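Enquirer: So here's coords21.pdb, just PDB, C-alpha atoms and all ligand atoms:
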```pdb
ATOM      1  CA  MET A 840     195.907 -67.161-241.835
ATOM      2  CA  GLY A 841     199.670 -67.529-241.497
ATOM      3  CA  VAL A 842     199.500 -67.324-237.718
ATOM      4  CA  GLU A 843     198.206 -69.787-235.136
ATOM      5  CA  GLY A 844     194.563 -69.333-234.263
ATOM      6  CA  ILE A 845     193.078 -67.492-231.302
ATOM      7  CA  GLN A 846     192.081 -70.009-228.607
ATOM      8  CA  GLY A 847     188.997 -68.233-227.256
ATOM      9  CA  LEU A 848     188.321 -65.640-224.581
ATOM     10  CA  HIS A 849     191.189 -65.049-222.134
ATOM     11  CA  HIS A 850     189.581 -62.476-219.829
ATOM     12  CA  VAL A 851     187.138 -59.609-219.764
ATOM     13  CA  THR A 852     188.008 -56.455-217.822
ATOM     14  CA  ALA A 853     185.363 -54.061-216.520
ATOM     15  CA  LEU A 854     185.298 -50.943-214.350
ATOM     16  CA  ALA A 855     183.815 -51.019-210.859
ATOM     17  CA  GLY A 856     183.298 -48.524-208.037
ATOM     18  CA  ASP A 857     183.443 -49.743-204.443
ATOM     19  CA  PRO A 858     186.073 -52.511-204.009
ATOM     20  CA  ARG A 859     184.256 -54.195-201.111
ATOM     21  CA  GLY A 860     180.967 -54.279-202.972
ATOM     22  CA  ASN A 861     182.753 -55.805-205.942
ATOM     23  CA  LEU A 862     184.477 -58.482-203.845
ATOM     24  CA  GLY A 863     181.277 -59.288-201.982
ATOM     25  CA  PHE A 864     179.319 -59.716-205.179
ATOM     26  CA  TYR A 865     181.747 -61.755-207.269
ATOM     27  CA  ARG A 866     183.202 -63.917-204.504
ATOM     28  CA  GLU A 867     180.252 -64.368-202.135
ATOM     29  CA  VAL A 868     177.236 -64.154-204.450
ATOM     30  CA  LEU A 869     178.575 -65.497-207.759
ATOM     31  CA  GLY A 870     181.095 -67.804-206.075
ATOM     32  CA  LEU A 871     184.107 -66.976-208.233
ATOM     33  CA  ARG A 872     187.558 -67.260-206.714
ATOM     34  CA  LEU A 873     189.517 -64.053-206.133
ATOM     35  CA  VAL A 874     192.738 -65.272-207.776
ATOM     36  CA  LYS A 875     194.745 -62.065-207.607
ATOM     37  CA  ARG A 876     194.641 -58.763-205.787
ATOM     38  CA  THR A 877     196.984 -56.273-207.348
ATOM     39  CA  VAL A 878     196.930 -52.707-208.674
ATOM     40  CA  ASN A 879     196.326 -51.298-212.124
ATOM     41  CA  PHE A 880     199.877 -51.361-213.497
ATOM     42  CA  ASP A 881     199.134 -48.173-215.480
ATOM     43  CA  ASP A 882     197.564 -46.457-212.426
ATOM     44  CA  PRO A 883     198.969 -48.022-209.205
ATOM     45  CA  GLY A 884     196.621 -46.025-206.957
ATOM     46  CA  ALA A 885     193.731 -48.276-208.023
ATOM     47  CA  TYR A 886     193.058 -51.939-207.298
ATOM     48  CA  HIS A 887     192.979 -54.511-210.059
ATOM     49  CA  LEU A 888     191.062 -57.602-208.908
ATOM     50  CA  TYR A 889     191.008 -60.879-210.866
ATOM     51  CA  TYR A 890     188.317 -63.522-210.413
ATOM     52  CA  GLY A 891     188.249 -66.958-211.992
ATOM     53  CA  ASP A 892     188.227 -70.694-211.364
ATOM     54  CA  ALA A 893     190.448 -72.466-208.808
ATOM     55  CA  LEU A 894     193.636 -71.552-210.697
ATOM     56  CA  GLY A 895     192.493 -68.516-212.649
ATOM     57  CA  ARG A 896     192.712 -70.382-215.933
ATOM     58  CA  PRO A 897     192.448 -68.290-219.114
ATOM     59  CA  GLY A 898     188.843 -68.387-220.257
ATOM     60  CA  THR A 899     187.468 -68.122-216.722
ATOM     61  CA  LEU A 900     188.843 -64.683-215.839
ATOM     62  CA  LEU A 901     186.775 -61.632-215.061
ATOM     63  CA  THR A 902     188.849 -58.670-213.896
ATOM     64  CA  PHE A 903     188.065 -55.205-212.542
ATOM     65  CA  PHE A 904     189.745 -51.852-212.283
ATOM     66  CA  LEU A 905     188.300 -50.258-209.132
ATOM     67  CA  TRP A 906     187.409 -46.569-209.229
ATOM     68  CA  PRO A 907     185.818 -45.745-205.852
ATOM     69  CA  GLY A 908     183.433 -42.833-206.345
ATOM     70  CA  GLY A 909     183.952 -42.911-210.102
ATOM     71  CA  THR A 910     181.199 -41.829-212.464
ATOM     72  CA  ARG A 911     178.945 -44.461-213.938
ATOM     73  CA  GLY A 912     179.350 -45.244-217.591
ATOM     74  CA  ARG A 913     176.698 -45.903-220.168
ATOM     75  CA  VAL A 914     176.654 -48.709-222.712
ATOM     76  CA  GLY A 915     176.513 -47.563-226.310
ATOM     77  CA  ALA A 916     177.672 -48.545-229.758
ATOM     78  CA  GLY A 917     181.215 -49.897-229.892
ATOM     79  CA  GLN A 918     181.012 -51.375-226.396
ATOM     80  CA  VAL A 919     180.281 -54.705-224.765
ATOM     81  CA  MET A 920     176.587 -54.698-223.855
ATOM     82  CA  ALA A 921     176.535 -57.965-221.900
ATOM     83  CA  LEU A 922     178.961 -60.494-220.527
ATOM     84  CA  ALA A 923     177.742 -64.086-220.244
ATOM     85  CA  LEU A 924     179.109 -66.748-217.890
ATOM     86  CA  THR A 925     178.418 -70.480-218.313
ATOM     87  CA  ILE A 926     176.315 -72.526-215.911
ATOM     88  CA  PRO A 927     175.027 -76.122-216.185
ATOM     89  CA  GLU A 928     171.587 -76.617-217.711
ATOM     90  CA  ALA A 929     170.099 -77.889-214.451
ATOM     91  CA  SER A 930     171.252 -74.818-212.507
ATOM     92  CA  ILE A 931     168.874 -72.110-213.750
ATOM     93  CA  GLY A 932     166.435 -72.577-210.863
ATOM     94  CA  TYR A 933     169.263 -72.639-208.332
ATOM     95  CA  TRP A 934     170.679 -69.363-209.632
ATOM     96  CA  GLN A 935     167.351 -67.643-209.876
ATOM     97  CA  GLU A 936     166.727 -68.391-206.205
ATOM     98  CA  ARG A 937     170.277 -67.560-205.135
ATOM     99  CA  LEU A 938     170.282 -64.162-206.821
ATOM    100  CA  GLN A 939     166.883 -63.302-205.405
ATOM    101  CA  ALA A 940     168.015 -64.370-201.916
ATOM    102  CA  TYR A 941     170.835 -61.821-202.192
ATOM    103  CA  GLY A 942     168.466 -59.117-203.406
ATOM    104  CA  VAL A 943     169.765 -59.178-206.979
ATOM    105  CA  VAL A 944     166.982 -58.310-209.421
ATOM    106  CA  VAL A 945     166.688 -60.913-212.164
ATOM    107  CA  GLU A 946     165.674 -58.798-215.142
ATOM    108  CA  ARG A 947     165.110 -61.543-217.631
ATOM    109  CA  ILE A 948     164.957 -65.302-218.039
ATOM    110  CA  ALA A 949     164.762 -66.136-221.706
ATOM    111  CA  PRO A 950     165.712 -68.871-224.137
ATOM    112  CA  ARG A 951     168.014 -68.059-227.029
ATOM    113  CA  PHE A 952     168.866 -69.892-230.256
ATOM    114  CA  GLN A 953     165.803 -72.159-230.500
ATOM    115  CA  GLU A 954     165.878 -72.667-226.742
ATOM    116  CA  GLU A 955     169.318 -74.288-226.821
ATOM    117  CA  GLU A 956     170.564 -71.721-224.329
ATOM    118  CA  VAL A 957     168.627 -70.304-221.392
ATOM    119  CA  VAL A 958     169.809 -66.902-220.240
ATOM    120  CA  LEU A 959     169.314 -65.235-216.885
ATOM    121  CA  GLY A 960     170.058 -61.504-217.044
ATOM    122  CA  PHE A 961     170.951 -59.272-214.079
ATOM    123  CA  ARG A 962     173.389 -56.529-213.044
ATOM    124  CA  ASP A 963     176.310 -56.280-210.648
ATOM    125  CA  PRO A 964     176.346 -53.577-207.903
ATOM    126  CA  ASP A 965     177.758 -51.045-210.394
ATOM    127  CA  GLY A 966     175.187 -51.794-213.096
ATOM    128  CA  LEU A 967     177.365 -54.059-215.260
ATOM    129  CA  ALA A 968     175.082 -56.230-217.425
ATOM    130  CA  LEU A 969     175.727 -59.909-216.727
ATOM    131  CA  GLU A 970     174.145 -63.103-217.982
ATOM    132  CA  LEU A 971     174.262 -66.676-216.776
ATOM    133  CA  ALA A 972     173.828 -68.930-219.797
ATOM    134  CA  THR A 973     173.282 -72.673-219.840
ATOM    135  CA  HIS A 974     175.213 -75.165-221.926
ATOM    136  CA  PRO A 975     174.927 -78.977-222.032
ATOM    137  CA  ARG A 976     178.731 -79.327-221.820
ATOM    138  CA  ALA A 977     179.158 -76.763-219.016
ATOM    139  CA  GLY A 978     180.453 -79.511-216.730
ATOM    140  CA  GLU A 979     183.615 -79.967-218.800
ATOM    141  CA  ARG A 980     185.054 -76.981-216.969
ATOM    142  CA  PRO A 981     185.351 -77.230-213.168
ATOM    143  CA  GLY A 982     184.771 -73.645-212.057
ATOM    144  CA  TRP A 983     185.736 -73.112-208.411
ATOM    145  CA  PRO A 984     184.561 -76.232-206.547
ATOM    146  CA  ASP A 985     185.674 -74.904-203.129
ATOM    147  CA  GLY A 986     183.672 -71.690-203.260
ATOM    148  CA  PRO A 987     180.382 -70.826-201.552
ATOM    149  CA  VAL A 988     178.311 -72.232-204.451
ATOM    150  CA  PRO A 989     177.824 -76.038-204.498
ATOM    151  CA  PRO A 990     180.163 -77.511-207.171
ATOM    152  CA  ALA A 991     177.216 -78.848-209.224
ATOM    153  CA  HIS A 992     175.970 -75.287-209.771
ATOM    154  CA  ALA A 993     179.271 -73.370-209.890
ATOM    155  CA  ILE A 994     179.887 -70.868-212.674
ATOM    156  CA  ARG A 995     182.223 -72.559-215.167
ATOM    157  CA  GLY A 996     183.874 -69.577-216.823
ATOM    158  CA  LEU A 997     183.314 -67.062-219.598
ATOM    159  CA  HIS A 998     180.568 -67.969-222.064
ATOM    160  CA  ALA A 999     180.340 -65.127-224.619
ATOM    161  CA  VAL A1000     180.519 -61.362-224.917
ATOM    162  CA  THR A1001     177.869 -59.397-226.778
ATOM    163  CA  LEU A1002     179.151 -56.387-228.726
ATOM    164  CA  LEU A1003     176.716 -53.564-229.515
ATOM    165  CA  GLU A1004     177.324 -52.189-232.997
ATOM    166  CA  THR A1005     175.422 -49.809-235.256
ATOM    167  CA  VAL A1006     176.566 -51.636-238.387
ATOM    168  CA  ALA A1007     177.461 -55.294-238.532
ATOM    169  CA  GLU A1008     179.546 -55.326-241.642
ATOM    170  CA  LEU A1009     182.879 -53.773-240.609
ATOM    171  CA  THR A1010     183.127 -55.697-237.347
ATOM    172  CA  LEU A1011     181.960 -58.917-239.006
ATOM    173  CA  ARG A1012     184.539 -58.608-241.738
ATOM    174  CA  PHE A1013     187.257 -57.832-239.190
ATOM    175  CA  LEU A1014     186.392 -60.789-236.978
ATOM    176  CA  ILE A1015     186.196 -63.180-239.919
ATOM    177  CA  GLU A1016     188.997 -61.981-242.191
ATOM    178  CA  GLU A1017     191.499 -60.679-239.647
ATOM    179  CA  MET A1018     190.865 -62.786-236.556
ATOM    180  CA  GLY A1019     189.626 -66.107-237.955
ATOM    181  CA  PHE A1020     186.071 -66.188-236.548
ATOM    182  CA  ARG A1021     183.223 -67.907-238.397
ATOM    183  CA  VAL A1022     179.507 -67.153-238.238
ATOM    184  CA  GLU A1023     177.815 -69.923-236.272
ATOM    185  CA  ARG A1024     174.216 -68.713-236.325
ATOM    186  CA  ALA A1025     172.000 -65.672-236.368
ATOM    187  CA  GLU A1026     168.723 -64.993-234.618
ATOM    188  CA  GLY A1027     166.864 -61.694-234.801
ATOM    189  CA  ASP A1028     169.347 -58.882-234.254
ATOM    190  CA  ARG A1029     172.006 -61.243-232.835
ATOM    191  CA  ILE A1030     174.819 -62.858-234.823
ATOM    192  CA  ARG A1031     176.955 -65.458-233.035
ATOM    193  CA  LEU A1032     180.509 -66.060-234.217
ATOM    194  CA  LYS A1033     182.815 -68.808-233.059
ATOM    195  CA  ILE A1034     186.566 -69.067-232.916
ATOM    196  CA  GLY A1035     188.072 -72.524-233.501
ATOM    197  CA  PRO A1036     185.492 -75.177-232.603
ATOM    198  CA  GLY A1037     183.362 -72.623-230.721
ATOM    199  CA  GLY A1038     181.456 -73.459-227.551
ATOM    200  CA  PRO A1039     181.419 -71.691-224.178
ATOM    201  CA  GLY A1040     184.325 -69.255-223.972
ATOM    202  CA  ALA A1041     184.904 -69.282-227.729
ATOM    203  CA  TRP A1042     181.982 -67.119-228.865
ATOM    204  CA  VAL A1043     181.370 -63.471-229.611
ATOM    205  CA  ASP A1044     177.842 -62.209-230.309
ATOM    206  CA  LEU A1045     177.100 -59.075-232.320
ATOM    207  CA  HIS A1046     173.959 -57.178-231.440
ATOM    208  CA  VAL A1047     173.191 -54.797-234.262
ATOM    209  CA  ASP A1048     171.149 -51.665-233.565
ATOM    210  CA  PRO A1049     171.462 -48.911-236.200
ATOM    211  CA  ARG A1050     169.939 -46.413-233.753
ATOM    212  CA  ALA A1051     172.413 -47.061-230.919
ATOM    213  CA  SER A1052     174.259 -43.931-229.799
ATOM    214  CA  ARG A1053     177.794 -43.769-228.456
ATOM    215  CA  GLY A1054     178.097 -44.561-224.752
ATOM    216  CA  ARG A1055     180.761 -43.870-222.176
ATOM    217  CA  VAL A1056     183.280 -46.346-220.769
ATOM    218  CA  ALA A1057     183.298 -45.802-216.986
ATOM    219  CA  VAL A1058     182.081 -47.589-213.839
ATOM    220  CA  GLY A1059     179.688 -50.420-214.642
ATOM    221  CA  THR A1060     180.886 -50.987-218.199
ATOM    222  CA  VAL A1061     183.404 -53.312-219.843
ATOM    223  CA  HIS A1062     186.828 -51.792-220.539
ATOM    224  CA  HIS A1063     188.204 -54.456-222.888
ATOM    225  CA  VAL A1064     187.942 -58.045-224.087
ATOM    226  CA  ALA A1065     191.054 -60.243-224.189
ATOM    227  CA  TRP A1066     191.604 -63.200-226.516
ATOM    228  CA  ARG A1067     193.960 -66.129-225.883
ATOM    229  CA  VAL A1068     197.138 -67.136-227.642
ATOM    230  CA  ARG A1069     199.435 -69.944-226.503
ATOM    231  CA  ASP A1070     202.689 -68.029-226.127
ATOM    232  CA  VAL A1071     204.687 -64.873-226.836
ATOM    233  CA  ALA A1072     205.826 -66.109-230.267
ATOM    234  CA  GLU A1073     202.202 -66.407-231.412
ATOM    235  CA  GLN A1074     201.450 -63.026-229.918
ATOM    236  CA  GLN A1075     204.328 -61.458-231.851
ATOM    237  CA  ALA A1076     203.028 -63.054-235.034
ATOM    238  CA  TRP A1077     199.575 -61.560-234.397
ATOM    239  CA  ARG A1078     201.077 -58.167-233.661
ATOM    240  CA  ALA A1079     203.097 -58.182-236.886
ATOM    241  CA  ARG A1080     200.085 -59.358-238.880
ATOM    242  CA  LEU A1081     197.698 -56.735-237.523
ATOM    243  CA  GLN A1082     200.281 -53.980-238.015
ATOM    244  CA  ALA A1083     200.907 -55.099-241.581
ATOM    245  CA  ARG A1084     197.160 -54.802-242.211
ATOM    246  CA  GLY A1085     197.181 -51.205-240.996
ATOM    247  CA  PHE A1086     195.859 -51.615-237.446
ATOM    248  CA  HIS A1087     197.252 -49.626-234.541
ATOM    249  CA  VAL A1088     198.597 -52.177-232.062
ATOM    250  CA  THR A1089     200.367 -51.354-228.804
ATOM    251  CA  PRO A1090     203.801 -52.736-227.967
ATOM    252  CA  VAL A1091     203.821 -55.942-225.906
ATOM    253  CA  MET A1092     203.080 -55.124-222.257
ATOM    254  CA  ASP A1093     204.162 -57.289-219.342
ATOM    255  CA  ARG A1094     201.095 -57.843-217.135
ATOM    256  CA  LYS A1095     203.042 -60.295-214.941
ATOM    257  CA  TYR A1096     200.397 -63.048-215.254
ATOM    258  CA  PHE A1097     200.312 -62.790-219.066
ATOM    259  CA  ARG A1098     201.622 -60.522-221.810
ATOM    260  CA  SER A1099     199.311 -58.217-223.678
ATOM    261  CA  ILE A1100     198.843 -56.255-226.874
ATOM    262  CA  TYR A1101     195.848 -53.989-227.476
ATOM    263  CA  PHE A1102     193.985 -52.654-230.512
ATOM    264  CA  ARG A1103     190.435 -51.606-231.422
ATOM    265  CA  GLU A1104     188.076 -53.528-233.661
ATOM    266  CA  PRO A1105     186.482 -51.281-236.318
ATOM    267  CA  GLY A1106     183.305 -50.733-234.263
ATOM    268  CA  GLY A1107     185.371 -49.326-231.388
ATOM    269  CA  VAL A1108     185.575 -52.154-228.834
ATOM    270  CA  LEU A1109     189.033 -52.384-227.246
ATOM    271  CA  PHE A1110     190.509 -55.846-227.834
ATOM    272  CA  GLU A1111     193.563 -57.425-226.247
ATOM    273  CA  ILE A1112     195.522 -60.520-227.233
ATOM    274  CA  ALA A1113     196.930 -62.146-224.079
ATOM    275  CA  THR A1114     199.242 -65.122-223.590
ATOM    276  CA  ASP A1115     198.212 -68.174-221.548
ATOM    277  CA  PRO A1116     201.515 -68.288-219.631
ATOM    278  CA  PRO A1117     202.824 -67.671-217.065
ATOM    279  CA  GLY A1118     199.496 -67.611-215.169
ATOM    280  CA  PHE A1119     198.463 -66.690-211.642
ATOM    281  CA  THR A1120     200.691 -69.092-209.716
ATOM    282  CA  VAL A1121     203.785 -67.171-210.821
ATOM    283  CA  ASP A1122     203.893 -65.240-207.516
ATOM    284  CA  GLU A1123     201.554 -67.147-205.147
ATOM    285  CA  PRO A1124     201.060 -70.913-204.653
ATOM    286  CA  PRO A1125     197.653 -72.276-205.729
ATOM    287  CA  GLU A1126     196.296 -72.501-202.183
ATOM    288  CA  ARG A1127     197.145 -68.850-201.444
ATOM    289  CA  LEU A1128     195.921 -67.212-204.644
ATOM    290  CA  GLY A1129     194.317 -63.846-204.045
ATOM    291  CA  THR A1130     195.301 -63.571-200.374
ATOM    292  CA  GLY A1131     198.059 -60.941-200.538
ATOM    293  CA  LEU A1132     198.510 -57.652-202.371
ATOM    294  CA  MET A1133     200.865 -58.614-205.206
ATOM    295  CA  LEU A1134     202.911 -56.019-207.064
ATOM    296  CA  PRO A1135     205.172 -56.244-210.079
ATOM    297  CA  ASP A1136     208.899 -55.860-209.299
ATOM    298  CA  TRP A1137     209.012 -52.288-210.584
ATOM    299  CA  LEU A1138     206.334 -51.186-208.104
ATOM    300  CA  GLU A1139     207.772 -53.024-205.047
ATOM    301  CA  PRO A1140     209.898 -50.006-203.996
ATOM    302  CA  GLN A1141     206.635 -48.033-203.642
ATOM    303  CA  ARG A1142     204.736 -50.771-201.742
ATOM    304  CA  GLY A1143     204.290 -48.823-198.497
ATOM    305  CA  GLU A1144     202.933 -45.780-200.270
ATOM    306  CA  ILE A1145     200.640 -47.876-202.504
ATOM    307  CA  GLU A1146     199.238 -49.868-199.565
ATOM    308  CA  ARG A1147     198.504 -46.727-197.555
ATOM    309  CA  ALA A1148     196.616 -45.156-200.449
ATOM    310  CA  LEU A1149     194.386 -48.177-201.207
ATOM    311  CA  PRO A1150     191.052 -48.496-199.406
ATOM    312  CA  PRO A1151     190.626 -51.621-197.238
ATOM    313  CA  LEU A1152     189.227 -54.602-199.126
ATOM    314  CA  GLU A1153     188.163 -56.753-196.190
ATOM    315  CA  GLY A1154     187.588 -56.428-192.456
ATOM    316  CA  SER A1155     185.994 -53.559-190.606
TER     317      SER A1155
HETATM  318 ZN    ZN B   1     193.265 -57.182-220.115
END
```
What's the structure tokens form of this structure?
Ligand code: ZN
Expert:
Amino acid sequence: MGVEGIQGLHHVTALAGDPRGNLGFYREVLGLRLVKRTVNFDDPGAYHLYYGDALGRPGTLLTFFLWPGGTRGRVGAGQVMALALTIPEASIGYWQERLQAYGVVVERIAPRFQEEEVVLGFRDPDGLALELATHPRAGERPGWPDGPVPPAHAIRGLHAVTLLETVAELTLRFLIEEMGFRVERAEGDRIRLKIGPGGPGAWVDLHVDPRASRGRVAVGTVHHVAWRVRDVAEQQAWRARLQARGFHVTPVMDRKYFRSIYFREPGGVLFEIATDPPGFTVDEPPERLGTGLMLPDWLEPQRGEIERALPPLEGS
């Protein structure tokens, strides 16, 4: 390849409507830690909320741009059709009961891949398609042990994203030849690819449906999928490589908690390559993560104005 390999999923970013509904669902119901409250750096009038494990480690991060009152999107070809999070094998019953107790409709409980993975499908308050998927080695990641979910059942991080594509070939070739993925298995209309050794957080699934129409990226859909690299030098190498192969790649953007480059895979899904460092403790100590509105230095002069414009996140 000439460049160091991708390490797995870094984060997935989706679009949500009501900020309080989003916080209530991901922190109280799913038991993820709110590790950062900030604004969309490209649109400072809107919240950007980051959820993850105790420290917001890459591979556990689910992030949202909040668009109160925004129109709902629709999943179509060239978009993420489902986002899976890992849970322990013994936790399916716990989660089924927990979701039902909170009035969340469980749409599906089904085995996948010769019953090696059991999947519980449901939606967030904005209609985003989520899955909880079991794995025998789920316990290797800690999740957020101090959250409202007992540590034995806590969500452990990102599991896989499923991309909806009308044709498999272009995306498959891109993932394999340009990004270093390998096909792990296929079942029905699903092809699972792994990066590096694979496993939870290092998978992408392709769901191929030749009849799928184009959708619309808006509230309740995934905006982009970010992949991990170890540092800025590796990111630069990836940027140079993708550019040399004719892909449109953005300049490196400073997201404060990581650095980012963006490009689209041939099917249309927006991809990002993000660095592991510096991480979420760069501006708040571990015990205070997610408690204050954090802004990048260049937005600090506008803090008063930004705070007045944002809707309240907590309290009455
Ligand atoms: Zn991102």
Enquirer: What residues have any atom no more than 7 Å from ligand ZN 1 (chain B) when counting only C-alpha atoms and all ligand atoms, and can you list them as a list in words?
Expert: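 Those residues are His850, Val851, Thr852, His1063, Val1064, Ala1065 and Glu1111 of chain A.
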Enquirer: Could you give me, as an MDAnalysis selection string, the residues within 7 Å of range 1048-1062 of chain A, counting all atoms listed in the file and dropping anything in the same chain fewer than 5 positions from it?
Expert: chainID A and resid 852:856 909:916 919 965:967 1004:1006
Enquirer: Expressed in Å to a single decimal, how great is the separation between CA of Leu1152 in chain A and CA of Thr877 in chain A?
Expert: 11.4 Å
Enquirer: Considering only C-alpha atoms, can you say which of A:Ala923, A:Leu997, A:Ala1041, A:Ala1007 comes closest to Asp892 in chain A?
Expert: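 Ranking A:Ala923, A:Leu997, A:Ala1041, A:Ala1007 by distance to Asp892 in chain A, first place goes to A:Leu997.
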Enquirer: Please write as a PyMOL selection string the full residue list that the PyMOL selection byres (((chain A and resi 865) around 12) and not hetatm) yields on this file.
Expert: chain A and resi 855+858-864+866-874+888-892+900-903+938+962-965+967+969+986-988+994
Enquirer: Where does the PyMOL selection byres (((chain A and resi 1020) around 7) and not hetatm) land in this file, that is, which residues does it pick, as number ranges by chain?
Expert: A: 1014-1015, 1018-1019, 1021-1022, 1032-1034
Enquirer: When distances are computed from only C-alpha atoms, which of A:Pro897, A:Pro1151, A:Pro1135, A:Gly942 shows the smallest separation from Pro883 in chain A?
Expert: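 Of all the options, A:Pro1135 lies closest to Pro883 in chain A.
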Enquirer: For each of A:Ala1025, A:Leu922, A:Leu1138, A:Ile931, take the minimum atom-to-atom distance to Asp881 in chain A, counting all atoms listed in the file, then give the residue where this is smallest.
Expert: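 Looking at the shortest contact to Asp881 in chain A, the residue is A:Leu1138.
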Enquirer: Looking at A:Ser930, A:Ser1099, A:Gln1075, A:Gln846, which one is nearest to Pro975 in chain A, with distances taken over only C-alpha atoms?
Expert: A:Ser930
Enquirer: Out of A:Glu979, A:Glu843, A:Glu1026, A:Glu1123, which residue has the shortest atom-to-atom distance to Ala991 in chain A when counting only C-alpha atoms?
Expert: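 The answer is A:Glu979, which sits nearest to Ala991 in chain A.
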Enquirer: May I ask which of the residues A:Ala885, A:Ala972, A:Val1000, A:Ala1079 is the closest one to Pro907 in chain A, counting all atoms listed in the file?
Expert: A:Ala885
Enquirer: I need the output of the PyMOL selection byres (((chain A and resi 957) around 6) and not hetatm) for this file as a PyMOL selection string; which residues are they?
Expert: chain A and resi 949-950+956+958+972-973
Enquirer: For Asp882 in chain A, find every residue with an atom within 12 Å (counting only C-alpha atoms), except residues of its own chain fewer than 2 positions away, and show them as number ranges by chain.
Expert: A: 877-880, 884-887, 904-906, 1138, 1145, 1149
Enquirer: Hey, what's within 12 Å of Val1071 in chain A if we count all atoms listed in the file and toss same-chain stuff fewer than 4 positions away? As a PyMOL selection string, please?
Expert: chain A and resi 843+1067+1075-1078+1091-1093+1097-1100+1112-1117
Enquirer: Please report the interatomic distance between CA of Glu1016 in chain A and CA of Phe952 in chain A in Å with one decimal.
Expert: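 Distance reported for this atom pair: 24.7 Å.
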Enquirer: Please provide the set of residues having any atom within 9 Å of Arg976 in chain A, restricted to all atoms listed in the file, with same-chain residues fewer than 6 positions apart removed, written as a tab-separated table (two decimals) with C-alpha atoms, keeping the file's coordinate frame.
Expert:
```tsv
chain	number	residue	atom	x	y	z
A	927	PRO	CA	175.03	-76.12	-216.18
A	928	GLU	CA	171.59	-76.62	-217.71
A	1038	GLY	CA	181.46	-73.46	-227.55
A	1039	PRO	CA	181.42	-71.69	-224.18
```
Enquirer: Calculate how many Å separate CA of Leu1132 in chain A from CA of Asp985 in chain A, rounding to one decimal.
Expert: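 These atoms are spaced 21.5 Å apart.
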Enquirer: Find the axis-aligned box for range 962-975 of chain A, covering all its listed atoms and adding 3 Å on each side, and write its centre and edge lengths in Å to one decimal as JSON.
Expert:
```
{"center_x": 175.5, "center_y": -65.0, "center_z": -215.0, "size_x": 10.5, "size_y": 33.9, "size_z": 20.1}
```
